[in-house]
file final22.cif (mmCIF, C-alpha atoms and all ligand atoms)
data_entry
loop_
_atom_site.group_PDB
_atom_site.id
_atom_site.type_symbol
_atom_site.label_atom_id
_atom_site.label_comp_id
_atom_site.auth_asym_id
_atom_site.auth_seq_id
_atom_site.Cartn_x
_atom_site.Cartn_y
_atom_site.Cartn_z
ATOM 1 C CA MET E 946 -36.243 -2.923 55.450
ATOM 2 C CA LEU E 947 -33.770 -3.102 52.554
ATOM 3 C CA GLY E 948 -32.379 0.293 53.509
ATOM 4 C CA ILE E 949 -31.889 -0.822 57.126
ATOM 5 C CA LEU E 950 -30.084 -3.961 55.918
ATOM 6 C CA ALA E 951 -27.889 -1.815 53.643
ATOM 7 C CA PHE E 952 -26.976 0.540 56.510
ATOM 8 C CA ASP E 953 -26.139 -2.417 58.741
ATOM 9 C CA LEU E 954 -23.957 -4.001 56.051
ATOM 10 C CA LEU E 955 -22.166 -0.665 55.673
ATOM 11 C CA ASN E 956 -21.582 -0.534 59.449
ATOM 12 C CA TYR E 957 -20.199 -4.088 59.328
ATOM 13 C CA ALA E 958 -17.841 -3.212 56.446
ATOM 14 C CA VAL E 959 -16.574 0.008 58.055
ATOM 15 C CA HIS E 960 -16.060 -1.766 61.389
ATOM 16 C CA ARG E 961 -14.135 -4.592 59.720
ATOM 17 C CA LEU E 962 -11.940 -2.061 57.924
ATOM 18 C CA MET E 963 -11.244 -0.361 61.266
ATOM 19 C CA HIS E 964 -9.666 -3.620 62.421
ATOM 20 C CA SER E 965 -7.718 -4.408 59.279
ATOM 21 C CA VAL E 966 -6.185 -1.032 58.359
ATOM 22 C CA GLU E 967 -3.473 0.044 60.805
ATOM 23 C CA LEU E 968 -4.301 3.773 60.662
ATOM 24 C CA LEU E 969 -7.999 3.116 61.264
ATOM 25 C CA TRP E 970 -7.224 0.696 64.109
ATOM 26 C CA ARG E 971 -5.306 3.490 65.822
ATOM 27 C CA VAL E 972 -8.529 5.441 66.257
ATOM 28 C CA HIS E 973 -10.840 2.440 66.738
ATOM 29 C CA GLU E 974 -8.695 0.940 69.504
ATOM 30 C CA ILE E 975 -9.861 3.823 71.717
ATOM 31 C CA HIS E 976 -13.315 2.189 71.705
ATOM 32 C CA HIS E 977 -11.740 -1.166 72.564
ATOM 33 C CA SER E 978 -9.484 0.221 75.286
ATOM 34 C CA ASP E 979 -12.169 0.135 77.979
ATOM 35 C CA ARG E 980 -11.230 -2.562 80.475
ATOM 36 C CA ASP E 981 -14.724 -2.388 82.010
ATOM 37 C CA PHE E 982 -17.124 -3.384 79.258
ATOM 38 C CA ASP E 983 -20.325 -1.501 80.094
ATOM 39 C CA VAL E 984 -22.759 1.023 78.678
ATOM 40 C CA SER E 985 -20.177 3.816 78.997
ATOM 41 C CA THR E 986 -18.121 1.909 76.388
ATOM 42 C CA SER E 987 -20.843 2.824 73.887
ATOM 43 C CA ALA E 988 -19.801 6.493 74.187
ATOM 44 C CA ARG E 989 -16.035 5.854 74.031
ATOM 45 C CA PHE E 990 -15.137 6.697 70.456
ATOM 46 C CA HIS E 991 -12.305 8.870 69.208
ATOM 47 C CA PRO E 992 -13.727 11.959 67.418
ATOM 48 C CA ILE E 993 -11.932 10.908 64.222
ATOM 49 C CA GLU E 994 -13.799 7.579 64.260
ATOM 50 C CA VAL E 995 -17.081 9.461 64.674
ATOM 51 C CA LEU E 996 -16.213 11.638 61.654
ATOM 52 C CA ILE E 997 -15.323 8.579 59.549
ATOM 53 C CA THR E 998 -18.457 6.616 60.417
ATOM 54 C CA GLN E 999 -20.735 9.643 59.914
ATOM 55 C CA ALA E 1000 -19.073 10.405 56.568
ATOM 56 C CA ALA E 1001 -19.656 6.792 55.466
ATOM 57 C CA LYS E 1002 -23.337 7.078 56.408
ATOM 58 C CA LEU E 1003 -23.710 10.385 54.527
ATOM 59 C CA LEU E 1004 -22.070 8.834 51.484
ATOM 60 C CA ALA E 1005 -24.472 5.871 51.696
ATOM 61 C CA VAL E 1006 -27.440 8.255 51.857
ATOM 62 C CA ARG E 1007 -26.076 10.129 48.816
ATOM 63 C CA LEU E 1008 -25.544 6.931 46.813
ATOM 64 C CA LEU E 1009 -28.557 4.846 47.838
ATOM 65 C CA ALA E 1010 -31.055 7.686 48.364
ATOM 66 C CA PRO E 1011 -33.188 5.840 50.953
ATOM 67 C CA SER E 1012 -36.363 7.485 52.237
ATOM 68 C CA PRO E 1013 -35.998 9.915 55.189
ATOM 69 C CA LEU E 1014 -38.064 7.487 57.325
ATOM 70 C CA CYS E 1015 -35.653 4.656 56.521
ATOM 71 C CA VAL E 1016 -32.677 6.816 57.518
ATOM 72 C CA LEU E 1017 -34.411 7.857 60.752
ATOM 73 C CA VAL E 1018 -35.310 4.256 61.697
ATOM 74 C CA ALA E 1019 -31.822 2.967 60.798
ATOM 75 C CA LEU E 1020 -30.116 5.643 62.923
ATOM 76 C CA LEU E 1021 -32.502 5.139 65.868
ATOM 77 C CA LEU E 1022 -31.994 1.355 65.776
ATOM 78 C CA SER E 1023 -28.245 1.852 65.519
ATOM 79 C CA SER E 1024 -28.162 4.176 68.555
ATOM 80 C CA ALA E 1025 -30.369 1.905 70.668
ATOM 81 C CA GLN E 1026 -28.364 -1.161 69.663
ATOM 82 C CA ASN E 1027 -25.100 0.597 70.547
ATOM 83 C CA LEU E 1028 -26.360 0.958 74.128
ATOM 84 C CA PHE E 1029 -27.818 -2.578 74.287
ATOM 85 C CA ALA E 1030 -24.755 -4.364 72.856
ATOM 86 C CA HIS E 1031 -22.494 -2.837 75.512
ATOM 87 C CA ALA E 1032 -24.683 -3.824 78.479
ATOM 88 C CA ASN E 1033 -22.637 -5.372 81.256
ATOM 89 C CA GLY E 1034 -25.139 -8.109 81.923
ATOM 90 C CA SER E 1035 -26.260 -11.344 80.359
ATOM 91 C CA LEU E 1036 -29.705 -12.381 79.295
ATOM 92 C CA PRO E 1037 -31.167 -15.737 80.391
ATOM 93 C CA PRO E 1038 -29.073 -18.281 78.416
ATOM 94 C CA GLN E 1039 -31.896 -19.870 76.422
ATOM 95 C CA PHE E 1040 -33.365 -16.487 75.479
ATOM 96 C CA GLU E 1041 -29.914 -15.167 74.573
ATOM 97 C CA THR E 1042 -29.238 -18.172 72.313
ATOM 98 C CA TRP E 1043 -32.517 -17.533 70.513
ATOM 99 C CA LEU E 1044 -32.121 -13.737 70.326
ATOM 100 C CA ARG E 1045 -28.604 -13.866 68.872
ATOM 101 C CA LEU E 1046 -30.056 -15.489 65.751
ATOM 102 C CA PHE E 1047 -31.585 -12.084 64.958
ATOM 103 C CA VAL E 1048 -29.691 -9.409 66.894
ATOM 104 C CA ILE E 1049 -26.142 -8.862 68.158
ATOM 105 C CA THR E 1050 -26.429 -9.493 71.897
ATOM 106 C CA PRO E 1051 -24.192 -8.125 74.678
ATOM 107 C CA ASP E 1052 -22.519 -11.567 74.994
ATOM 108 C CA ALA E 1053 -21.742 -11.591 71.261
ATOM 109 C CA HIS E 1054 -20.339 -8.064 71.269
ATOM 110 C CA ARG E 1055 -18.392 -8.659 74.494
ATOM 111 C CA LEU E 1056 -16.466 -11.391 72.655
ATOM 112 C CA HIS E 1057 -15.454 -8.759 70.072
ATOM 113 C CA HIS E 1058 -14.082 -6.623 72.925
ATOM 114 C CA SER E 1059 -11.832 -9.444 74.147
ATOM 115 C CA SER E 1060 -8.174 -8.572 74.629
ATOM 116 C CA GLU E 1061 -7.381 -11.698 72.547
ATOM 117 C CA LEU E 1062 -6.727 -10.711 68.930
ATOM 118 C CA SER E 1063 -8.423 -13.821 67.509
ATOM 119 C CA ALA E 1064 -11.668 -12.939 69.320
ATOM 120 C CA GLN E 1065 -11.431 -9.242 68.400
ATOM 121 C CA ASN E 1066 -11.631 -10.319 64.770
ATOM 122 C CA LYS E 1067 -15.072 -11.849 65.336
ATOM 123 C CA ASN E 1068 -18.564 -10.352 65.539
ATOM 124 C CA PHE E 1069 -18.091 -7.074 63.679
ATOM 125 C CA GLY E 1070 -21.850 -6.700 63.177
ATOM 126 C CA GLN E 1071 -23.764 -3.907 64.802
ATOM 127 C CA LEU E 1072 -27.458 -4.740 64.518
ATOM 128 C CA PHE E 1073 -27.835 -8.094 62.793
ATOM 129 C CA PRO E 1074 -25.489 -11.105 63.215
ATOM 130 C CA TRP E 1075 -26.113 -12.276 59.648
ATOM 131 C CA TRP E 1076 -23.143 -10.529 57.961
ATOM 132 C CA ASP E 1077 -20.740 -12.198 60.378
ATOM 133 C CA ARG E 1078 -22.385 -15.575 59.797
ATOM 134 C CA LEU E 1079 -22.353 -15.136 56.002
ATOM 135 C CA LEU E 1080 -18.801 -13.799 55.792
ATOM 136 C CA GLY E 1081 -17.132 -16.170 58.249
ATOM 137 C CA THR E 1082 -16.452 -13.791 61.124
ATOM 138 C CA TRP E 1083 -19.043 -15.084 63.565
ATOM 139 C CA GLY E 1084 -17.640 -16.144 66.905
ATOM 140 C CA SER E 1085 -19.523 -18.499 69.164
ATOM 141 C CA VAL E 1086 -20.164 -17.145 72.586
ATOM 142 C CA ASN E 1087 -20.040 -19.177 75.703
ATOM 143 C CA GLU E 1088 -21.613 -17.340 78.594
ATOM 144 C CA GLU E 1089 -19.530 -19.434 81.000
ATOM 145 C CA THR E 1090 -16.299 -17.943 79.657
ATOM 146 C CA GLU E 1091 -14.730 -15.155 81.684
ATOM 147 C CA LEU E 1092 -13.451 -12.686 79.124
ATOM 148 C CA GLU E 1093 -10.731 -10.137 79.691
ATOM 149 C CA THR E 1094 -11.713 -7.057 77.711
ATOM 150 C CA GLY E 1095 -9.549 -4.152 76.594
ATOM 151 C CA VAL E 1096 -6.423 -3.632 74.505
ATOM 152 C CA ARG E 1097 -3.085 -5.030 75.571
ATOM 153 C CA GLY E 1098 -0.178 -2.615 75.543
ATOM 154 C CA ILE E 1099 -1.936 0.465 76.865
ATOM 155 C CA PRO E 1100 -0.315 1.396 80.179
ATOM 156 C CA ASP E 1101 -2.460 0.842 83.276
ATOM 157 C CA GLY E 1102 -4.467 3.910 84.253
ATOM 158 C CA GLU E 1103 -3.936 5.719 80.950
ATOM 159 C CA THR E 1104 -7.252 4.495 79.537
ATOM 160 C CA LEU E 1105 -9.009 6.843 81.962
ATOM 161 C CA LYS E 1106 -7.065 9.919 80.843
ATOM 162 C CA LEU E 1107 -8.891 11.923 78.174
ATOM 163 C CA GLY E 1108 -5.809 13.734 76.846
ATOM 164 C CA TYR E 1109 -3.798 10.513 76.554
ATOM 165 C CA MET E 1110 -6.582 8.704 74.721
ATOM 166 C CA LEU E 1111 -7.207 11.613 72.315
ATOM 167 C CA LEU E 1112 -3.505 11.789 71.427
ATOM 168 C CA ARG E 1113 -2.774 8.042 71.418
ATOM 169 C CA PRO E 1114 -3.578 7.540 67.688
ATOM 170 C CA PHE E 1115 -0.785 9.997 66.833
ATOM 171 C CA GLN E 1116 1.862 8.411 69.046
ATOM 172 C CA ARG E 1117 4.923 6.941 67.400
ATOM 173 C CA ARG E 1118 5.004 3.140 67.760
ATOM 174 C CA SER E 1119 7.917 0.804 67.446
HETATM 175 ZN ZN ZN I 1201 -14.166 -3.237 66.969
HETATM 176 ZN ZN ZN I 1202 -18.147 -2.047 71.113
#

call {"tool": "encode", "arguments": {"input": "final22.cif", "output": "structure tokens", "more": "lines below"}}
Ligand SMILES: [Zn+2]
Ligand SMILES: [Zn+2]
result
Amino acid sequence: MLGILAFDLLNYAVHRLMHSVELLWRVHEIHHSDRDFDVSTSARFHPIEVLITQAAKLLAVRLLAPSPLCVLVALLLSSAQNLFAHANGSLPPQFETWLRLFVITPDAHRLHHSSELSAQNKNFGQLFPWWDRLLGTWGSVNEETELETGVRGIPDGETLKLGYMLLRPFQRRS
């Protein structure tokens, strides 16, 4: 369990860095660019982000030396949670309120995908909501709120073009 907590804290830290370091945001914004928040969003990552996150995990394995079973369980939970958190549906409100005490729910992660910068800087957690709650980045979710998701400033239609999205991190910006 400690190893799973450590992996989740690492995911939180790397994700938070992606939002605070301009060069990292350039690759992470590809994940946020989806205007239709749904399970396909869970596969929308720039290859450079995948390399960075996998390198961080390998480094954690090298430094912490968790058991192979712990690594397997942590990676399986992480993959399953990636699909679940991007579901374009809401759970029954009372169940959702209870579940989000233990797990990042689709409503909680949808807030992170808001086009509003203040909401994007909330709910960085992947599996557990506890790091956000402990470190002051938890954002309350109101299932009544209609959220606009995506990244402002990306021209309409370009988010569906593979070449544009792969090259966007390298574009000159004013
Ligand atoms: Zn993010
Ligand atoms: Zn996401």

call {"tool": "resolve_selection", "arguments": {"input": "final22.cif", "expression": "the PyMOL selection byres (((chain E and resi 990) around 9) and not hetatm)", "output": "PyMOL selection string"}}
result
chain E and resi 972-977+986-989+991-995

call {"tool": "write_last_selection", "arguments": {"input": "final22.cif", "atoms": "C-alpha atoms", "output": "JSON list (two decimals), in the frame of the given file"}}
result
[["chain", "number", "residue", "atom", "x", "y", "z"],
["E", 972, "VAL", "CA", -8.53, 5.44, 66.26],
["E", 973, "HIS", "CA", -10.84, 2.44, 66.74],
["E", 974, "GLU", "CA", -8.70, 0.94, 69.50],
["E", 975, "ILE", "CA", -9.86, 3.82, 71.72],
["E", 976, "HIS", "CA", -13.32, 2.19, 71.70],
["E", 977, "HIS", "CA", -11.74, -1.17, 72.56],
["E", 986, "THR", "CA", -18.12, 1.91, 76.39],
["E", 987, "SER", "CA", -20.84, 2.82, 73.89],
["E", 988, "ALA", "CA", -19.80, 6.49, 74.19],
["E", 989, "ARG", "CA", -16.04, 5.85, 74.03],
["E", 991, "HIS", "CA", -12.30, 8.87, 69.21],
["E", 992, "PRO", "CA", -13.73, 11.96, 67.42],
["E", 993, "ILE", "CA", -11.93, 10.91, 64.22],
["E", 994, "GLU", "CA", -13.80, 7.58, 64.26],
["E", 995, "VAL", "CA", -17.08, 9.46, 64.67]]

call {"tool": "resolve_selection", "arguments": {"input": "final22.cif", "expression": "the PyMOL selection byres (((not hetatm)) within 12 of (chain I and resi 1202))", "output": "number ranges by chain"}}
result
E: 960, 973-990, 1026-1033, 1049-1059, 1065, 1067-1072, 1094-1095

call {"tool": "atom_distance", "arguments": {"input": "final22.cif", "atom1": "atom CA of E:Ile997", "atom2": "atom CA of E:Trp1075"}}
result
23.5 Å

call {"tool": "resolve_selection", "arguments": {"input": "final22.cif", "expression": "the PyMOL selection byres (((chain E and resi 959) around 12) and not hetatm)", "output": "ChimeraX atom specification"}}
result
/E:952-958,960-966,969-970,973,994-995,997-1002,1005,1069-1071

call {"tool": "axis_aligned_box", "arguments": {"input": "final22.cif", "around": "stretch 1051-1054 of chain E", "padding_each_side": "8 Å", "output": "AutoDock Vina command-line options"}}
result
--center_x -22.3 --center_y -9.8 --center_z 73.1 --size_x 19.9 --size_y 19.5 --size_z 19.7

call {"tool": "atom_distance", "arguments": {"input": "final22.cif", "atom1": "atom CA of E:Ile949", "atom2": "atom CA of E:Ala1019"}}
result
5.3 Å

call {"tool": "closest_residue", "arguments": {"input": "final22.cif", "among": "E:Ile1099, E:Ala1064, E:Leu1017, E:Leu1079", "to": "ligand ZN 1201 (chain I)", "atoms": "only C-alpha atoms and all ligand atoms"}}
result
E:Ala1064

call {"tool": "decode", "arguments": {"input": "final22.cif", "residues": "stretch 1051-1067 of chain E", "atoms": "all heavy atoms", "output": "PDB file, in the first residue's frame"}}
result
ATOM      1  N   PRO E1051     -14.938  11.240 -11.862  1.00  0.00           N
ATOM      2  CA  PRO E1051     -15.025  12.006 -13.119  1.00  0.00           C
ATOM      3  C   PRO E1051     -15.419  13.467 -12.881  1.00  0.00           C
ATOM      4  O   PRO E1051     -14.865  14.366 -13.524  1.00  0.00           O
ATOM      5  CB  PRO E1051     -16.108  11.257 -13.917  1.00  0.00           C
ATOM      6  CG  PRO E1051     -16.029   9.852 -13.409  1.00  0.00           C
ATOM      7  CD  PRO E1051     -15.703   9.968 -11.946  1.00  0.00           C
ATOM      8  N   ASP E1052     -16.326  13.747 -11.959  1.00  0.00           N
ATOM      9  CA  ASP E1052     -16.712  15.144 -11.682  1.00  0.00           C
ATOM     10  C   ASP E1052     -15.512  15.952 -11.183  1.00  0.00           C
ATOM     11  O   ASP E1052     -15.302  17.099 -11.582  1.00  0.00           O
ATOM     12  CB  ASP E1052     -17.828  15.215 -10.626  1.00  0.00           C
ATOM     13  CG  ASP E1052     -19.204  14.989 -11.244  1.00  0.00           C
ATOM     14  OD1 ASP E1052     -19.282  14.862 -12.481  1.00  0.00           O
ATOM     15  OD2 ASP E1052     -20.185  14.938 -10.481  1.00  0.00           O
ATOM     16  N   ALA E1053     -14.712  15.326 -10.303  1.00  0.00           N
ATOM     17  CA  ALA E1053     -13.543  16.028  -9.754  1.00  0.00           C
ATOM     18  C   ALA E1053     -12.516  16.295 -10.850  1.00  0.00           C
ATOM     19  O   ALA E1053     -11.945  17.382 -10.925  1.00  0.00           O
ATOM     20  CB  ALA E1053     -12.914  15.203  -8.628  1.00  0.00           C
ATOM     21  N   HIS E1054     -12.288  15.306 -11.699  1.00  0.00           N
ATOM     22  CA  HIS E1054     -11.267  15.500 -12.745  1.00  0.00           C
ATOM     23  C   HIS E1054     -11.781  16.432 -13.847  1.00  0.00           C
ATOM     24  O   HIS E1054     -10.996  17.166 -14.447  1.00  0.00           O
ATOM     25  CB  HIS E1054     -10.830  14.152 -13.319  1.00  0.00           C
ATOM     26  CG  HIS E1054      -9.584  14.267 -14.146  1.00  0.00           C
ATOM     27  ND1 HIS E1054      -8.385  14.727 -13.650  1.00  0.00           N
ATOM     28  CD2 HIS E1054      -9.353  14.034 -15.476  1.00  0.00           C
ATOM     29  CE1 HIS E1054      -7.475  14.744 -14.614  1.00  0.00           C
ATOM     30  NE2 HIS E1054      -8.034  14.343 -15.742  1.00  0.00           N
ATOM     31  N   ARG E1055     -13.083  16.411 -14.080  1.00  0.00           N
ATOM     32  CA  ARG E1055     -13.655  17.311 -15.102  1.00  0.00           C
ATOM     33  C   ARG E1055     -13.390  18.775 -14.724  1.00  0.00           C
ATOM     34  O   ARG E1055     -13.118  19.611 -15.576  1.00  0.00           O
ATOM     35  CB  ARG E1055     -15.160  17.066 -15.258  1.00  0.00           C
ATOM     36  CG  ARG E1055     -15.750  17.745 -16.505  1.00  0.00           C
ATOM     37  CD  ARG E1055     -17.239  17.454 -16.660  1.00  0.00           C
ATOM     38  NE  ARG E1055     -17.503  16.026 -16.797  1.00  0.00           N
ATOM     39  CZ  ARG E1055     -18.174  15.302 -15.920  1.00  0.00           C
ATOM     40  NH1 ARG E1055     -18.666  15.851 -14.818  1.00  0.00           N
ATOM     41  NH2 ARG E1055     -18.358  14.005 -16.105  1.00  0.00           N
ATOM     42  N   LEU E1056     -13.468  19.063 -13.412  1.00  0.00           N
ATOM     43  CA  LEU E1056     -13.171  20.432 -12.960  1.00  0.00           C
ATOM     44  C   LEU E1056     -11.746  20.824 -13.369  1.00  0.00           C
ATOM     45  O   LEU E1056     -11.505  21.945 -13.827  1.00  0.00           O
ATOM     46  CB  LEU E1056     -13.332  20.537 -11.439  1.00  0.00           C
ATOM     47  CG  LEU E1056     -13.074  21.923 -10.867  1.00  0.00           C
ATOM     48  CD1 LEU E1056     -14.271  22.838 -11.122  1.00  0.00           C
ATOM     49  CD2 LEU E1056     -12.776  21.882  -9.373  1.00  0.00           C
ATOM     50  N   HIS E1057     -10.814  19.875 -13.247  1.00  0.00           N
ATOM     51  CA  HIS E1057      -9.416  20.145 -13.623  1.00  0.00           C
ATOM     52  C   HIS E1057      -9.291  20.441 -15.126  1.00  0.00           C
ATOM     53  O   HIS E1057      -8.374  21.129 -15.555  1.00  0.00           O
ATOM     54  CB  HIS E1057      -8.546  18.949 -13.231  1.00  0.00           C
ATOM     55  CG  HIS E1057      -7.121  19.088 -13.635  1.00  0.00           C
ATOM     56  ND1 HIS E1057      -6.260  19.982 -13.037  1.00  0.00           N
ATOM     57  CD2 HIS E1057      -6.407  18.495 -14.636  1.00  0.00           C
ATOM     58  CE1 HIS E1057      -5.076  19.907 -13.632  1.00  0.00           C
ATOM     59  NE2 HIS E1057      -5.136  19.017 -14.611  1.00  0.00           N
ATOM     60  N   HIS E1058     -10.208  19.908 -15.910  1.00  0.00           N
ATOM     61  CA  HIS E1058     -10.173  20.128 -17.366  1.00  0.00           C
ATOM     62  C   HIS E1058     -10.931  21.392 -17.784  1.00  0.00           C
ATOM     63  O   HIS E1058     -11.100  21.635 -18.978  1.00  0.00           O
ATOM     64  CB  HIS E1058     -10.755  18.921 -18.112  1.00  0.00           C
ATOM     65  CG  HIS E1058      -9.745  17.839 -18.356  1.00  0.00           C
ATOM     66  ND1 HIS E1058      -9.083  17.687 -19.552  1.00  0.00           N
ATOM     67  CD2 HIS E1058      -9.267  16.867 -17.539  1.00  0.00           C
ATOM     68  CE1 HIS E1058      -8.252  16.660 -19.471  1.00  0.00           C
ATOM     69  NE2 HIS E1058      -8.342  16.137 -18.265  1.00  0.00           N
ATOM     70  N   SER E1059     -11.383  22.173 -16.812  1.00  0.00           N
ATOM     71  CA  SER E1059     -12.094  23.410 -17.139  1.00  0.00           C
ATOM     72  C   SER E1059     -11.204  24.340 -17.963  1.00  0.00           C
ATOM     73  O   SER E1059      -9.984  24.342 -17.830  1.00  0.00           O
ATOM     74  CB  SER E1059     -12.496  24.110 -15.835  1.00  0.00           C
ATOM     75  OG  SER E1059     -12.879  25.439 -16.110  1.00  0.00           O
ATOM     76  N   SER E1060     -11.836  25.146 -18.806  1.00  0.00           N
ATOM     77  CA  SER E1060     -11.050  26.126 -19.568  1.00  0.00           C
ATOM     78  C   SER E1060     -10.663  27.324 -18.695  1.00  0.00           C
ATOM     79  O   SER E1060      -9.861  28.155 -19.102  1.00  0.00           O
ATOM     80  CB  SER E1060     -11.840  26.596 -20.796  1.00  0.00           C
ATOM     81  OG  SER E1060     -13.076  27.120 -20.399  1.00  0.00           O
ATOM     82  N   GLU E1061     -11.250  27.405 -17.486  1.00  0.00           N
ATOM     83  CA  GLU E1061     -10.881  28.471 -16.534  1.00  0.00           C
ATOM     84  C   GLU E1061      -9.574  28.108 -15.838  1.00  0.00           C
ATOM     85  O   GLU E1061      -9.463  27.025 -15.248  1.00  0.00           O
ATOM     86  CB  GLU E1061     -11.962  28.619 -15.453  1.00  0.00           C
ATOM     87  CG  GLU E1061     -13.300  29.093 -15.938  1.00  0.00           C
ATOM     88  CD  GLU E1061     -13.294  30.574 -16.296  1.00  0.00           C
ATOM     89  OE1 GLU E1061     -12.375  31.283 -15.843  1.00  0.00           O
ATOM     90  OE2 GLU E1061     -14.200  30.993 -17.031  1.00  0.00           O
ATOM     91  N   LEU E1062      -8.610  29.019 -15.870  1.00  0.00           N
ATOM     92  CA  LEU E1062      -7.288  28.742 -15.309  1.00  0.00           C
ATOM     93  C   LEU E1062      -7.359  28.398 -13.819  1.00  0.00           C
ATOM     94  O   LEU E1062      -6.666  27.496 -13.340  1.00  0.00           O
ATOM     95  CB  LEU E1062      -6.378  29.957 -15.539  1.00  0.00           C
ATOM     96  CG  LEU E1062      -4.885  29.705 -15.345  1.00  0.00           C
ATOM     97  CD1 LEU E1062      -4.375  28.610 -16.261  1.00  0.00           C
ATOM     98  CD2 LEU E1062      -4.102  30.988 -15.554  1.00  0.00           C
ATOM     99  N   SER E1063      -8.228  29.117 -13.078  1.00  0.00           N
ATOM    100  CA  SER E1063      -8.287  28.884 -11.627  1.00  0.00           C
ATOM    101  C   SER E1063      -8.744  27.451 -11.324  1.00  0.00           C
ATOM    102  O   SER E1063      -8.278  26.834 -10.367  1.00  0.00           O
ATOM    103  CB  SER E1063      -9.229  29.883 -10.970  1.00  0.00           C
ATOM    104  OG  SER E1063     -10.511  29.776 -11.542  1.00  0.00           O
ATOM    105  N   ALA E1064      -9.629  26.908 -12.151  1.00  0.00           N
ATOM    106  CA  ALA E1064     -10.098  25.537 -11.939  1.00  0.00           C
ATOM    107  C   ALA E1064      -9.081  24.514 -12.439  1.00  0.00           C
ATOM    108  O   ALA E1064      -8.944  23.431 -11.863  1.00  0.00           O
ATOM    109  CB  ALA E1064     -11.444  25.327 -12.637  1.00  0.00           C
ATOM    110  N   GLN E1065      -8.339  24.870 -13.492  1.00  0.00           N
ATOM    111  CA  GLN E1065      -7.293  23.963 -13.995  1.00  0.00           C
ATOM    112  C   GLN E1065      -6.240  23.697 -12.931  1.00  0.00           C
ATOM    113  O   GLN E1065      -5.626  22.648 -12.895  1.00  0.00           O
ATOM    114  CB  GLN E1065      -6.576  24.580 -15.203  1.00  0.00           C
ATOM    115  CG  GLN E1065      -7.206  24.300 -16.536  1.00  0.00           C
ATOM    116  CD  GLN E1065      -6.513  25.087 -17.637  1.00  0.00           C
ATOM    117  OE1 GLN E1065      -5.359  25.496 -17.503  1.00  0.00           O
ATOM    118  NE2 GLN E1065      -7.223  25.310 -18.717  1.00  0.00           N
ATOM    119  N   ASN E1066      -6.048  24.679 -12.043  1.00  0.00           N
ATOM    120  CA  ASN E1066      -5.035  24.515 -11.000  1.00  0.00           C
ATOM    121  C   ASN E1066      -5.599  23.853  -9.749  1.00  0.00           C
ATOM    122  O   ASN E1066      -5.115  24.072  -8.634  1.00  0.00           O
ATOM    123  CB  ASN E1066      -4.388  25.860 -10.674  1.00  0.00           C
ATOM    124  CG  ASN E1066      -3.436  26.285 -11.766  1.00  0.00           C
ATOM    125  OD1 ASN E1066      -2.677  25.471 -12.285  1.00  0.00           O
ATOM    126  ND2 ASN E1066      -3.493  27.542 -12.166  1.00  0.00           N
ATOM    127  N   LYS E1067      -6.637  23.053  -9.933  1.00  0.00           N
ATOM    128  CA  LYS E1067      -7.216  22.256  -8.845  1.00  0.00           C
ATOM    129  C   LYS E1067      -7.211  20.787  -9.276  1.00  0.00           C
ATOM    130  O   LYS E1067      -7.169  20.475 -10.474  1.00  0.00           O
ATOM    131  CB  LYS E1067      -8.675  22.673  -8.584  1.00  0.00           C
ATOM    132  CG  LYS E1067      -8.849  24.124  -8.201  1.00  0.00           C
ATOM    133  CD  LYS E1067      -8.420  24.375  -6.787  1.00  0.00           C
ATOM    134  CE  LYS E1067      -8.609  25.841  -6.390  1.00  0.00           C
ATOM    135  NZ  LYS E1067      -7.941  26.168  -5.148  1.00  0.00           N
TER     136      LYS E1067
END
